[in-house]
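Source file: start.txt; contents: compact mmCIF, N, CA and C atoms.
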# COMPACT_ATOMS: atom_id res chain seq x y z
N MET P 1 0.82 -1.20 0.00
CA MET P 1 0.00 0.00 0.00
C MET P 1 0.86 1.26 0.00
N SER P 2 1.98 1.20 0.72
CA SER P 2 2.83 2.38 0.82
C SER P 2 3.49 2.71 -0.52
N SER P 3 3.81 1.67 -1.31
CA SER P 3 4.45 1.93 -2.60
C SER P 3 3.47 2.60 -3.57
N SER P 4 2.19 2.28 -3.45
CA SER P 4 1.21 2.94 -4.32
C SER P 4 1.03 4.41 -3.93
N VAL P 5 1.16 4.71 -2.66
CA VAL P 5 1.09 6.10 -2.22
C VAL P 5 2.30 6.86 -2.74
N GLY P 6 3.47 6.24 -2.67
CA GLY P 6 4.67 6.86 -3.19
C GLY P 6 4.58 7.09 -4.69
N LEU P 7 4.02 6.12 -5.40
CA LEU P 7 3.84 6.26 -6.84
C LEU P 7 2.88 7.39 -7.16
N LEU P 8 1.79 7.48 -6.41
CA LEU P 8 0.83 8.56 -6.61
C LEU P 8 1.46 9.92 -6.31
N ALA P 9 2.23 10.00 -5.25
CA ALA P 9 2.89 11.26 -4.89
C ALA P 9 3.92 11.65 -5.95
N ASN P 10 4.70 10.68 -6.44
CA ASN P 10 5.68 10.97 -7.49
C ASN P 10 5.01 11.41 -8.78
N THR P 11 3.90 10.76 -9.12
CA THR P 11 3.16 11.15 -10.32
C THR P 11 2.62 12.55 -10.19
N LEU P 12 2.10 12.88 -9.03
CA LEU P 12 1.56 14.21 -8.79
C LEU P 12 2.66 15.27 -8.87
N VAL P 13 3.80 15.01 -8.28
CA VAL P 13 4.92 15.95 -8.32
C VAL P 13 5.42 16.12 -9.75
N THR P 14 5.50 15.03 -10.51
CA THR P 14 5.93 15.12 -11.90
C THR P 14 4.95 15.93 -12.73
N PHE P 15 3.66 15.72 -12.51
CA PHE P 15 2.64 16.49 -13.23
C PHE P 15 2.75 17.97 -12.90
N VAL P 16 2.92 18.29 -11.64
CA VAL P 16 3.02 19.71 -11.24
C VAL P 16 4.27 20.33 -11.83
N ASN P 17 5.38 19.61 -11.85
CA ASN P 17 6.61 20.14 -12.44
C ASN P 17 6.44 20.38 -13.94
N LEU P 18 5.80 19.46 -14.63
CA LEU P 18 5.56 19.62 -16.06
C LEU P 18 4.61 20.79 -16.32
N TYR P 19 3.56 20.90 -15.52
CA TYR P 19 2.61 22.00 -15.69
C TYR P 19 3.27 23.34 -15.37
N THR P 20 4.16 23.36 -14.39
CA THR P 20 4.89 24.59 -14.06
C THR P 20 5.78 25.00 -15.22
N LEU P 21 6.39 24.04 -15.89
CA LEU P 21 7.19 24.35 -17.06
C LEU P 21 6.33 24.92 -18.19
N ILE P 22 5.17 24.32 -18.43
CA ILE P 22 4.24 24.84 -19.45
C ILE P 22 3.77 26.24 -19.07
N LEU P 23 3.49 26.44 -17.81
CA LEU P 23 3.05 27.76 -17.33
C LEU P 23 4.16 28.80 -17.50
N THR P 24 5.39 28.40 -17.25
CA THR P 24 6.52 29.32 -17.43
C THR P 24 6.65 29.73 -18.89
N VAL P 25 6.53 28.77 -19.79
CA VAL P 25 6.60 29.09 -21.23
C VAL P 25 5.47 30.05 -21.60
N ARG P 26 4.28 29.80 -21.09
CA ARG P 26 3.12 30.66 -21.37
C ARG P 26 3.36 32.08 -20.86
N ILE P 27 3.91 32.20 -19.67
CA ILE P 27 4.17 33.52 -19.09
C ILE P 27 5.22 34.26 -19.90
N LEU P 28 6.28 33.57 -20.27
CA LEU P 28 7.34 34.22 -21.06
C LEU P 28 6.84 34.64 -22.44
N LEU P 29 6.00 33.82 -23.07
CA LEU P 29 5.48 34.17 -24.39
C LEU P 29 4.46 35.30 -24.32
N SER P 30 3.87 35.52 -23.16
CA SER P 30 2.90 36.61 -23.05
C SER P 30 3.57 37.98 -23.13
N TRP P 31 4.88 38.03 -23.02
CA TRP P 31 5.59 39.30 -23.13
C TRP P 31 5.71 39.76 -24.58
N PHE P 32 5.43 38.88 -25.52
CA PHE P 32 5.52 39.22 -26.93
C PHE P 32 4.12 39.50 -27.47
N PRO P 33 3.79 40.77 -27.73
CA PRO P 33 2.41 41.11 -28.11
C PRO P 33 2.02 40.64 -29.52
N ASN P 34 2.97 40.29 -30.36
CA ASN P 34 2.61 39.91 -31.72
C ASN P 34 2.28 38.43 -31.86
N ILE P 35 2.23 37.67 -30.77
CA ILE P 35 1.87 36.25 -30.84
C ILE P 35 0.37 36.12 -30.98
N ASN P 36 -0.04 35.36 -31.98
CA ASN P 36 -1.46 35.08 -32.18
C ASN P 36 -1.81 33.81 -31.40
N TRP P 37 -2.59 33.96 -30.33
CA TRP P 37 -2.91 32.83 -29.47
C TRP P 37 -3.92 31.88 -30.10
N TYR P 38 -4.37 32.16 -31.33
CA TYR P 38 -5.28 31.27 -32.04
C TYR P 38 -4.55 30.35 -33.01
N ASP P 39 -3.25 30.55 -33.22
CA ASP P 39 -2.46 29.66 -34.07
C ASP P 39 -2.24 28.34 -33.33
N PRO P 40 -2.12 27.22 -34.07
CA PRO P 40 -2.06 25.90 -33.44
C PRO P 40 -1.04 25.71 -32.31
N PRO P 41 0.23 26.05 -32.43
CA PRO P 41 1.08 25.73 -31.28
C PRO P 41 0.74 26.57 -30.05
N PHE P 42 0.32 27.79 -30.27
CA PHE P 42 0.02 28.67 -29.13
C PHE P 42 -1.39 28.43 -28.58
N SER P 43 -2.30 27.99 -29.42
CA SER P 43 -3.66 27.75 -28.93
C SER P 43 -3.69 26.58 -27.96
N ILE P 44 -2.87 25.57 -28.18
CA ILE P 44 -2.80 24.44 -27.26
C ILE P 44 -2.25 24.90 -25.91
N LEU P 45 -1.22 25.71 -25.96
CA LEU P 45 -0.62 26.26 -24.74
C LEU P 45 -1.63 27.12 -23.99
N SER P 46 -2.38 27.90 -24.73
CA SER P 46 -3.39 28.75 -24.12
C SER P 46 -4.52 27.93 -23.51
N GLN P 47 -4.95 26.88 -24.20
CA GLN P 47 -6.03 26.03 -23.69
C GLN P 47 -5.61 25.28 -22.43
N LEU P 48 -4.34 24.96 -22.32
CA LEU P 48 -3.85 24.24 -21.15
C LEU P 48 -3.69 25.15 -19.93
N THR P 49 -3.32 26.39 -20.15
CA THR P 49 -2.98 27.25 -19.01
C THR P 49 -4.04 28.28 -18.65
N ASP P 50 -4.86 28.70 -19.60
CA ASP P 50 -5.82 29.77 -19.30
C ASP P 50 -6.86 29.42 -18.24
N PRO P 51 -7.41 28.19 -18.21
CA PRO P 51 -8.38 27.92 -17.11
C PRO P 51 -7.76 28.07 -15.73
N TYR P 52 -6.52 27.64 -15.58
CA TYR P 52 -5.84 27.79 -14.29
C TYR P 52 -5.53 29.25 -13.99
N LEU P 53 -5.05 29.97 -14.98
CA LEU P 53 -4.73 31.39 -14.78
C LEU P 53 -5.98 32.22 -14.52
N ASN P 54 -7.10 31.84 -15.13
CA ASN P 54 -8.35 32.59 -14.93
C ASN P 54 -8.84 32.51 -13.50
N LEU P 55 -8.50 31.43 -12.79
CA LEU P 55 -8.85 31.35 -11.37
C LEU P 55 -8.22 32.51 -10.59
N PHE P 56 -6.99 32.81 -10.90
CA PHE P 56 -6.28 33.86 -10.19
C PHE P 56 -6.59 35.24 -10.77
N ARG P 57 -6.95 35.30 -12.04
CA ARG P 57 -7.33 36.59 -12.63
C ARG P 57 -8.64 37.09 -12.05
N SER P 58 -9.50 36.17 -11.62
CA SER P 58 -10.76 36.61 -10.99
C SER P 58 -10.50 37.16 -9.59
N ILE P 59 -9.41 36.74 -8.96
CA ILE P 59 -9.08 37.23 -7.62
C ILE P 59 -8.31 38.55 -7.71
N ILE P 60 -7.32 38.59 -8.61
CA ILE P 60 -6.47 39.77 -8.75
C ILE P 60 -6.63 40.32 -10.16
N PRO P 61 -7.37 41.41 -10.32
CA PRO P 61 -7.51 41.99 -11.65
C PRO P 61 -6.21 42.66 -12.09
N PRO P 62 -6.02 42.84 -13.41
CA PRO P 62 -4.81 43.52 -13.88
C PRO P 62 -4.73 44.95 -13.33
N LEU P 63 -3.55 45.33 -12.92
CA LEU P 63 -3.33 46.67 -12.39
C LEU P 63 -2.54 47.49 -13.39
N GLY P 64 -3.18 48.47 -13.99
CA GLY P 64 -2.51 49.32 -14.96
C GLY P 64 -1.99 48.57 -16.17
N GLY P 65 -2.71 47.57 -16.60
CA GLY P 65 -2.29 46.78 -17.75
C GLY P 65 -1.30 45.68 -17.42
N LEU P 66 -0.92 45.55 -16.16
CA LEU P 66 0.02 44.52 -15.73
C LEU P 66 -0.74 43.41 -15.01
N ASP P 67 -0.65 42.20 -15.54
CA ASP P 67 -1.36 41.06 -14.97
C ASP P 67 -0.45 40.37 -13.96
N LEU P 68 -0.80 40.48 -12.69
CA LEU P 68 0.01 39.90 -11.62
C LEU P 68 -0.44 38.49 -11.24
N SER P 69 -1.53 38.02 -11.80
CA SER P 69 -2.05 36.71 -11.43
C SER P 69 -1.10 35.56 -11.74
N PRO P 70 -0.30 35.59 -12.81
CA PRO P 70 0.62 34.46 -13.02
C PRO P 70 1.65 34.29 -11.92
N ILE P 71 1.98 35.35 -11.21
CA ILE P 71 2.94 35.22 -10.12
C ILE P 71 2.38 34.32 -9.03
N ILE P 72 1.15 34.56 -8.65
CA ILE P 72 0.51 33.74 -7.63
C ILE P 72 0.23 32.34 -8.17
N ALA P 73 -0.20 32.27 -9.43
CA ALA P 73 -0.48 30.98 -10.05
C ALA P 73 0.78 30.13 -10.16
N PHE P 74 1.91 30.77 -10.32
CA PHE P 74 3.18 30.06 -10.46
C PHE P 74 3.63 29.45 -9.14
N PHE P 75 3.42 30.16 -8.03
CA PHE P 75 3.90 29.68 -6.74
C PHE P 75 2.89 28.82 -5.99
N CYS P 76 1.65 28.84 -6.37
CA CYS P 76 0.62 28.07 -5.66
C CYS P 76 0.86 26.56 -5.71
N PRO P 77 1.14 25.95 -6.87
CA PRO P 77 1.34 24.49 -6.86
C PRO P 77 2.54 24.05 -6.03
N SER P 78 3.60 24.81 -6.04
CA SER P 78 4.79 24.41 -5.28
C SER P 78 4.54 24.47 -3.78
N ASP P 79 3.59 25.29 -3.35
CA ASP P 79 3.25 25.36 -1.94
C ASP P 79 2.18 24.35 -1.54
N CYS P 80 1.30 24.00 -2.46
CA CYS P 80 0.19 23.11 -2.13
C CYS P 80 0.55 21.63 -2.21
N ILE P 81 1.47 21.26 -3.06
CA ILE P 81 1.79 19.85 -3.25
C ILE P 81 2.36 19.20 -1.99
N PRO P 82 3.31 19.81 -1.27
CA PRO P 82 3.78 19.14 -0.05
C PRO P 82 2.67 18.90 0.97
N ALA P 83 1.76 19.85 1.10
CA ALA P 83 0.65 19.67 2.04
C ALA P 83 -0.27 18.55 1.59
N PHE P 84 -0.56 18.49 0.30
CA PHE P 84 -1.42 17.44 -0.23
C PHE P 84 -0.75 16.08 -0.08
N SER P 85 0.53 16.01 -0.33
CA SER P 85 1.29 14.78 -0.23
C SER P 85 1.25 14.25 1.20
N PHE P 86 1.45 15.15 2.16
CA PHE P 86 1.43 14.76 3.56
C PHE P 86 0.05 14.24 3.95
N ARG P 87 -1.00 14.92 3.53
CA ARG P 87 -2.36 14.50 3.89
C ARG P 87 -2.72 13.17 3.23
N LEU P 88 -2.27 12.97 1.99
CA LEU P 88 -2.53 11.71 1.31
C LEU P 88 -1.85 10.56 2.03
N GLU P 89 -0.61 10.77 2.46
CA GLU P 89 0.11 9.73 3.18
C GLU P 89 -0.55 9.46 4.53
N TRP P 90 -0.98 10.50 5.22
CA TRP P 90 -1.65 10.33 6.51
C TRP P 90 -2.95 9.56 6.33
N PHE P 91 -3.71 9.93 5.30
CA PHE P 91 -5.00 9.27 5.06
C PHE P 91 -4.82 7.78 4.73
N THR P 92 -3.86 7.47 3.87
CA THR P 92 -3.65 6.07 3.50
C THR P 92 -3.13 5.26 4.69
N ASN P 93 -2.32 5.87 5.54
CA ASN P 93 -1.86 5.17 6.74
C ASN P 93 -3.03 4.88 7.67
N ARG P 94 -3.95 5.82 7.80
CA ARG P 94 -5.12 5.61 8.65
C ARG P 94 -6.01 4.50 8.08
N VAL P 95 -6.20 4.49 6.78
CA VAL P 95 -7.01 3.45 6.15
C VAL P 95 -6.34 2.10 6.32
N LEU P 96 -5.04 2.05 6.16
CA LEU P 96 -4.30 0.81 6.32
C LEU P 96 -4.39 0.29 7.76
N ILE P 97 -4.29 1.18 8.74
CA ILE P 97 -4.40 0.79 10.15
C ILE P 97 -5.80 0.24 10.43
N GLU P 98 -6.83 0.92 9.91
CA GLU P 98 -8.21 0.44 10.11
C GLU P 98 -8.44 -0.90 9.41
N PHE P 99 -7.83 -1.07 8.24
CA PHE P 99 -8.01 -2.31 7.48
C PHE P 99 -7.34 -3.48 8.17
N LEU P 100 -6.17 -3.25 8.75
CA LEU P 100 -5.44 -4.33 9.41
C LEU P 100 -5.94 -4.61 10.80
N SER P 101 -6.69 -3.70 11.41
CA SER P 101 -7.19 -3.92 12.77
C SER P 101 -8.38 -4.84 12.79
Would you give me this structure, written as structure tokens?
Amino acid sequence: MSSSVGLLANTLVTFVNLYTLILTVRILLSWFPNINWYDPPFSILSQLTDPYLNLFRSIIPPLGGLDLSPIIAFFCPSDCIPAFSFRLEWFTNRVLIEFLS
């Protein structure tokens, strides 16, 4: 049971790292105003990142044309994953203890 929890935690960390990389590329490309976000390579990037970024854009509106939401969106997964990992391990240990008792 413990190895499956480790596998799930590693998969989750790998996904967050990959998504953070995609988010970083999206943020860096947003500095170039001549990019058409409807073209195929950029539209996929936009479709992957915009729903997540829109969560933070609804909380923090752009200030003077500067969108600060990607800063919070960038640091949120790195702060939330350790807490989720710990709770997942705690929960599976509790289930395992109840199952073996």
TODO: Please measure the separation of CA of Ala9 in chain P and CA of Cys76 in chain P, giving the value in Å to one decimal.
DONE: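 CA of Cys76 in chain P lies 17.0 Å from CA of Ala9 in chain P.
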Task: Residue nearest Thr24 in chain P - candidates P:Phe74, P:Leu8, P:Asn36, P:Leu66, atoms counted: only N, CA and C atoms - done: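 Closest candidate: P:Phe74.
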Task: One-decimal distance in Å that lies between atom C of Ser43 in chain P and atom C of Leu18 in chain P - done: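 Result for atom C of Leu18 in chain P versus atom C of Ser43 in chain P: 15.4 Å, one decimal.
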- [ ] Can you work out the spacing between CA of Ser46 in chain P and CA of Val25 in chain P in Å, to one decimal?
- [x] 10.4 Å
TODO: Might you pull out every residue within 8 Å of range 49-58 of chain P, with only C-alpha atoms counted and same-chain residues fewer than 5 positions away left off, and present them as a ChimeraX atom specification?
DONE: /P:22-23,26,67,69-70,72-73
